[in-house]
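Asker: Questions regarding the structure given below will be posed in turn.
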Amino acid sequence: MIALSTGIEIGYEDMGTGIPVCFLHGFPHNRSLWTPQLHGLLDRARCLAPDLRGFGETTAAGPFSMDQYADDVASLLDLVRIERAVIVGLSMGGYVAFSFWRRHRDRVRALVLADTRAGADTEEARTRRNEMIALAREKGSAAVADAMIVGMVGRGTRERSPHVVDEVHRLLASAPVEGVIGALEALRERADSHSTLATIDVPTLVVVGEEDVITPVSEARVLHSAVRGSSLEVLSGAGHVSNVERPAAFNHVLSEFLAKLTLE
Ligand code: MLT
């Protein structure tokens with residue numbers, strides 16, 4: 001844990017050697033989401049994985065917004081002396097990556113946008129965020145985990161690998177309730193990032209689980225067609241947390257992407 005210039009203490013992993021890669025988790029996860037990537041890539045990348053504000057070991061104090069999460073990450077990069085990193089964001093981590101790109105683009109070596117979307121919340125989605133906030137206040141994070149788990153993990157994983165579903169449920173249920181509420185407000189208020197996509201001029205990989213129902217393949221195709229020169233990988237047999245559901249396949253496409261960067 002170290003104190004950031006943005007006023008919080010942050011928990012993070014910093015392991016491995018090679019090209020710096022910063023992994024941003026989704027909602028309501030924490031850095032342990034990335035365990036399969038940290039262990040799979042540490043011989044070729046310096047893997048940095050923070051707990052975003054309000055999750056894991058990081059202080060649960062506002063303000064909560066995608067911009068604030070992005071500024072926390074920039075402050076962490078300063079402290080660990082990484083000038084530029086490949087930013088890998090899954091779902092909410094992808095929304096943070098868009099803010100990070102808008103605010104700190106000189107720190108971005110390349111982008112990996114996993115199971116995410118460019119759009120802001122619709123009115124219906126905002127209503128659902130408010131219902132989820134009420135649920136979190138009344139019944140806590142375990143109730144939020146119960147409500148989210150079916151969408152979070154793909155159909156194939158639910159049928160074939162119930163232990164993965166249990167692990168992901170445990171991860172969601174362990175989230176501090178202040179962090180969950182803060183993140184839901186931040187998700188509800190986040191900016192639309194469609195106009196950002198055309199400004200991205202670093203190598204970009206878009207990854208999505210074929211069975212993702214939260215940010216489906218159609219959303220990944222929007223990202224792929226709007227980000228010049230990007231590549232798209234659709235992982236069969238995976239849902240929204242594709243990096244956990246198909247860790248070897250996810251690590252393979254990420255490793256290939258990193259290998260090309262190191263040749264440039
Ligand atoms: C996530 O996985 O980060 C969330 O499901 C994203 C969202 O709800 O928009």
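Ordering of the structure tokens sets the chain letters (A, B, ...); residue numbers start at 1 within each chain; ligands are numbered from 1 in the order shown.
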List all protein, DNA and RNA residues that have an atom no more than 8 Å from any atom of ligand 1, counting only C-alpha atoms and all ligand atoms, and report them as a ChimeraX atom specification.
Answerer: /A:25-29,90-93,115-117,121,148,152,187,214-215,240-241
Asker: Got a sec: who's within 10 Å of Ser5 (chain A), counting only C-alpha atoms, leaving out chain neighbours fewer than 5 positions off, as a list in words?
Answerer: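 Result of the neighbour search: Asp71, Asp72, Ala74, Ser75, Leu76, Asp78 and Leu79 of chain A.
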Asker: I need the residues from that last selection saved to file as a CSV table (one decimal), in the first residue's frame (with all heavy atoms), if you can.
Answerer:
chain,number,residue,atom,x,y,z
A,71,ASP,N,-7.0,9.4,-12.8
A,71,ASP,CA,-5.9,10.2,-12.2
A,71,ASP,C,-5.2,9.4,-11.1
A,71,ASP,O,-4.0,9.5,-10.9
A,71,ASP,CB,-6.5,11.5,-11.6
A,71,ASP,CG,-7.0,12.4,-12.7
A,71,ASP,OD1,-6.7,12.2,-13.9
A,71,ASP,OD2,-7.6,13.5,-12.4
A,72,ASP,N,-5.9,8.5,-10.4
A,72,ASP,CA,-5.3,7.7,-9.4
A,72,ASP,C,-4.3,6.8,-10.1
A,72,ASP,O,-3.1,6.6,-9.6
A,72,ASP,CB,-6.3,6.8,-8.7
A,72,ASP,CG,-7.3,7.6,-7.8
A,72,ASP,OD1,-7.0,8.7,-7.4
A,72,ASP,OD2,-8.4,7.0,-7.5
A,74,ALA,N,-2.7,7.3,-12.9
A,74,ALA,CA,-1.5,8.1,-13.3
A,74,ALA,C,-0.6,8.4,-12.2
A,74,ALA,O,0.7,8.4,-12.3
A,74,ALA,CB,-2.0,9.4,-14.0
A,75,SER,N,-1.2,8.7,-11.0
A,75,SER,CA,-0.4,9.0,-9.8
A,75,SER,C,0.4,7.7,-9.4
A,75,SER,O,1.6,7.8,-9.0
A,75,SER,CB,-1.3,9.5,-8.7
A,75,SER,OG,-0.7,9.6,-7.5
A,76,LEU,N,-0.2,6.5,-9.5
A,76,LEU,CA,0.5,5.3,-9.2
A,76,LEU,C,1.6,5.1,-10.2
A,76,LEU,O,2.7,4.7,-9.7
A,76,LEU,CB,-0.5,4.1,-9.3
A,76,LEU,CG,0.1,2.7,-9.0
A,76,LEU,CD1,0.7,2.6,-7.6
A,76,LEU,CD2,-0.9,1.6,-9.2
A,78,ASP,N,3.4,7.3,-11.6
A,78,ASP,CA,4.5,8.2,-11.2
A,78,ASP,C,5.3,7.6,-10.0
A,78,ASP,O,6.5,7.5,-10.0
A,78,ASP,CB,3.9,9.5,-10.6
A,78,ASP,CG,3.3,10.4,-11.7
A,78,ASP,OD1,3.7,10.2,-12.9
A,78,ASP,OD2,2.5,11.3,-11.4
A,79,LEU,N,4.5,7.1,-9.0
A,79,LEU,CA,5.2,6.5,-7.8
A,79,LEU,C,6.0,5.3,-8.1
A,79,LEU,O,7.1,5.1,-7.5
A,79,LEU,CB,4.1,6.2,-6.8
A,79,LEU,CG,3.8,7.4,-5.9
A,79,LEU,CD1,2.6,7.1,-5.1
A,79,LEU,CD2,4.9,7.8,-5.0
Asker: From a backbone DSSP assignment, name each residue in region 195-264 of chain A labelled strand (DSSP E), as JSON, numbers by chain.
Answerer: {"A": [204, 205, 206, 207, 208, 209, 231, 232, 233, 234, 235]}
Asker: Which is closer to Glu211 (chain A) than all the others in A:Arg103, A:His169, A:His39, A:Arg158, using only C-alpha atoms?
Answerer: A:Arg158
Asker: So which residues of region 6-110 of chain A fall under helix (DSSP H, G or I) by DSSP, listed as a VMD selection string?
Answerer: chain A and resid 31 to 41 66 to 79 92 to 107
Asker: So that I can see what lies close to Leu172 (chain A), please list as a ChimeraX atom specification the residues with an atom at most 12 Å from it, counting only C-alpha atoms and leaving out residues fewer than 2 positions away in the same chain.
Answerer: /A:25-33,55-56,136,140-150,152-153,165-170,174-177,179-180,241
Asker: Next, the residues of the selection above should be written as a compact mmCIF listing (two decimals), in the first residue's frame with N, CA and C atoms.
Answerer:
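What ended up in out23.txt:
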# COMPACT_ATOMS: atom_id res chain seq x y z
N HIS A 25 -9.24 -3.37 -13.46
CA HIS A 25 -10.34 -4.34 -13.30
C HIS A 25 -11.70 -3.69 -13.54
N GLY A 26 -12.71 -4.55 -13.62
CA GLY A 26 -14.08 -4.09 -13.83
C GLY A 26 -14.82 -3.92 -12.51
N PHE A 27 -16.14 -3.78 -12.63
CA PHE A 27 -17.03 -3.55 -11.48
C PHE A 27 -17.76 -4.84 -11.14
N PRO A 28 -17.91 -5.18 -9.90
CA PRO A 28 -17.24 -4.68 -8.70
C PRO A 28 -16.11 -5.66 -8.31
N HIS A 29 -15.06 -5.61 -9.09
CA HIS A 29 -13.95 -6.55 -8.90
C HIS A 29 -12.85 -5.89 -8.07
N ASN A 30 -11.71 -6.55 -8.04
CA ASN A 30 -10.50 -5.91 -7.50
C ASN A 30 -9.33 -6.51 -8.29
N ARG A 31 -8.12 -6.19 -7.89
CA ARG A 31 -6.97 -6.58 -8.72
C ARG A 31 -6.81 -8.09 -8.86
N SER A 32 -7.42 -8.85 -7.94
CA SER A 32 -7.26 -10.30 -8.03
C SER A 32 -7.93 -10.87 -9.29
N LEU A 33 -8.79 -10.06 -9.92
CA LEU A 33 -9.36 -10.48 -11.22
C LEU A 33 -8.25 -10.87 -12.19
N PHE A 55 -12.13 -0.32 -3.92
CA PHE A 55 -12.12 -1.78 -4.08
C PHE A 55 -10.86 -2.37 -3.48
N GLY A 56 -10.92 -3.66 -3.13
CA GLY A 56 -9.74 -4.35 -2.59
C GLY A 56 -9.19 -3.57 -1.40
N ALA A 136 -27.59 -2.25 -2.75
CA ALA A 136 -26.31 -2.28 -2.02
C ALA A 136 -26.48 -1.65 -0.64
N GLY A 140 -26.31 -4.94 1.04
CA GLY A 140 -24.86 -5.14 0.96
C GLY A 140 -24.38 -5.77 -0.34
N SER A 141 -23.06 -5.99 -0.39
CA SER A 141 -22.41 -6.42 -1.64
C SER A 141 -22.78 -7.84 -2.05
N ALA A 142 -23.11 -8.70 -1.07
CA ALA A 142 -23.46 -10.08 -1.42
C ALA A 142 -24.73 -10.07 -2.28
N ALA A 143 -25.67 -9.17 -1.98
CA ALA A 143 -26.90 -9.10 -2.77
C ALA A 143 -26.60 -8.58 -4.18
N VAL A 144 -25.66 -7.65 -4.28
CA VAL A 144 -25.24 -7.15 -5.60
C VAL A 144 -24.60 -8.29 -6.39
N ALA A 145 -23.77 -9.07 -5.70
CA ALA A 145 -23.13 -10.22 -6.36
C ALA A 145 -24.19 -11.21 -6.85
N ASP A 146 -25.20 -11.48 -6.03
CA ASP A 146 -26.27 -12.40 -6.44
C ASP A 146 -26.96 -11.89 -7.70
N ALA A 147 -27.19 -10.56 -7.73
CA ALA A 147 -27.92 -9.98 -8.87
C ALA A 147 -27.07 -9.97 -10.14
N MET A 148 -25.74 -9.90 -9.99
CA MET A 148 -24.89 -9.72 -11.17
C MET A 148 -24.29 -11.01 -11.72
N ILE A 149 -24.25 -12.05 -10.90
CA ILE A 149 -23.39 -13.19 -11.27
C ILE A 149 -23.80 -13.87 -12.58
N VAL A 150 -25.09 -13.94 -12.85
CA VAL A 150 -25.51 -14.66 -14.07
C VAL A 150 -25.00 -13.94 -15.32
N MET A 152 -22.45 -11.93 -15.43
CA MET A 152 -20.99 -11.74 -15.37
C MET A 152 -20.22 -12.88 -16.04
N VAL A 153 -20.77 -14.09 -15.95
CA VAL A 153 -20.05 -15.27 -16.42
C VAL A 153 -20.84 -15.91 -17.57
N VAL A 165 -17.55 -19.89 -11.42
CA VAL A 165 -18.68 -19.04 -11.04
C VAL A 165 -18.60 -18.71 -9.54
N ASP A 166 -18.30 -19.72 -8.74
CA ASP A 166 -18.19 -19.51 -7.28
C ASP A 166 -17.07 -18.52 -6.95
N GLU A 167 -15.95 -18.68 -7.64
CA GLU A 167 -14.81 -17.77 -7.38
C GLU A 167 -15.18 -16.32 -7.72
N VAL A 168 -15.83 -16.16 -8.89
CA VAL A 168 -16.19 -14.80 -9.32
C VAL A 168 -17.23 -14.23 -8.35
N HIS A 169 -18.17 -15.07 -7.91
CA HIS A 169 -19.19 -14.60 -6.96
C HIS A 169 -18.52 -14.12 -5.67
N ARG A 170 -17.55 -14.90 -5.19
CA ARG A 170 -16.84 -14.51 -3.96
C ARG A 170 -16.15 -13.15 -4.13
N SER A 174 -17.17 -9.69 -2.04
CA SER A 174 -16.20 -9.15 -1.07
C SER A 174 -15.99 -7.64 -1.23
N ALA A 175 -16.63 -7.03 -2.23
CA ALA A 175 -16.37 -5.61 -2.49
C ALA A 175 -16.92 -4.73 -1.37
N PRO A 176 -16.13 -3.75 -0.89
CA PRO A 176 -16.64 -2.85 0.14
C PRO A 176 -17.86 -2.07 -0.38
N VAL A 177 -18.90 -1.98 0.45
CA VAL A 177 -20.15 -1.42 -0.05
C VAL A 177 -20.01 0.06 -0.44
N GLY A 179 -17.42 1.40 -1.84
CA GLY A 179 -16.81 1.38 -3.17
C GLY A 179 -17.82 1.00 -4.24
N VAL A 180 -18.70 0.06 -3.90
CA VAL A 180 -19.73 -0.39 -4.85
C VAL A 180 -20.67 0.78 -5.17
N VAL A 241 -16.28 -11.96 -18.07
CA VAL A 241 -14.93 -11.94 -17.49
C VAL A 241 -14.07 -12.94 -18.29
Asker: If we count only C-alpha atoms and set the cut-off at 9 Å, which residues sit around Leu42 (chain A), ignoring sequence neighbours fewer than 6 positions away in its own chain? Please answer as a list in words.
Answerer: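 Non-adjacent residues within range: Met15, Gly16, Thr17 and Gly18 of chain A.
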Asker: Could you save the residues just selected, with N, CA, C and O atoms, as a compact mmCIF listing (two decimals), in the first residue's frame?
Answerer:
# COMPACT_ATOMS: atom_id res chain seq x y z
N MET A 15 4.67 -6.87 -10.52
CA MET A 15 5.50 -8.07 -10.62
C MET A 15 5.91 -8.33 -12.06
O MET A 15 5.24 -7.91 -13.00
N GLY A 16 7.04 -9.02 -12.22
CA GLY A 16 7.52 -9.39 -13.54
C GLY A 16 8.44 -8.34 -14.13
O GLY A 16 8.62 -7.25 -13.58
N THR A 17 9.03 -8.72 -15.27
CA THR A 17 9.92 -7.78 -15.96
C THR A 17 9.60 -7.78 -17.44
O THR A 17 9.19 -8.80 -18.00
N GLY A 18 9.82 -6.63 -18.05
CA GLY A 18 9.55 -6.48 -19.48
C GLY A 18 8.72 -5.24 -19.71
O GLY A 18 8.71 -4.33 -18.87
Asker: If I take CA of Pro216 (chain A) and CA of Val244 (chain A), how far is one from the other in Å, to one decimal?
Answerer: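 Between CA of Pro216 (chain A) and CA of Val244 (chain A) the gap is 16.6 Å.
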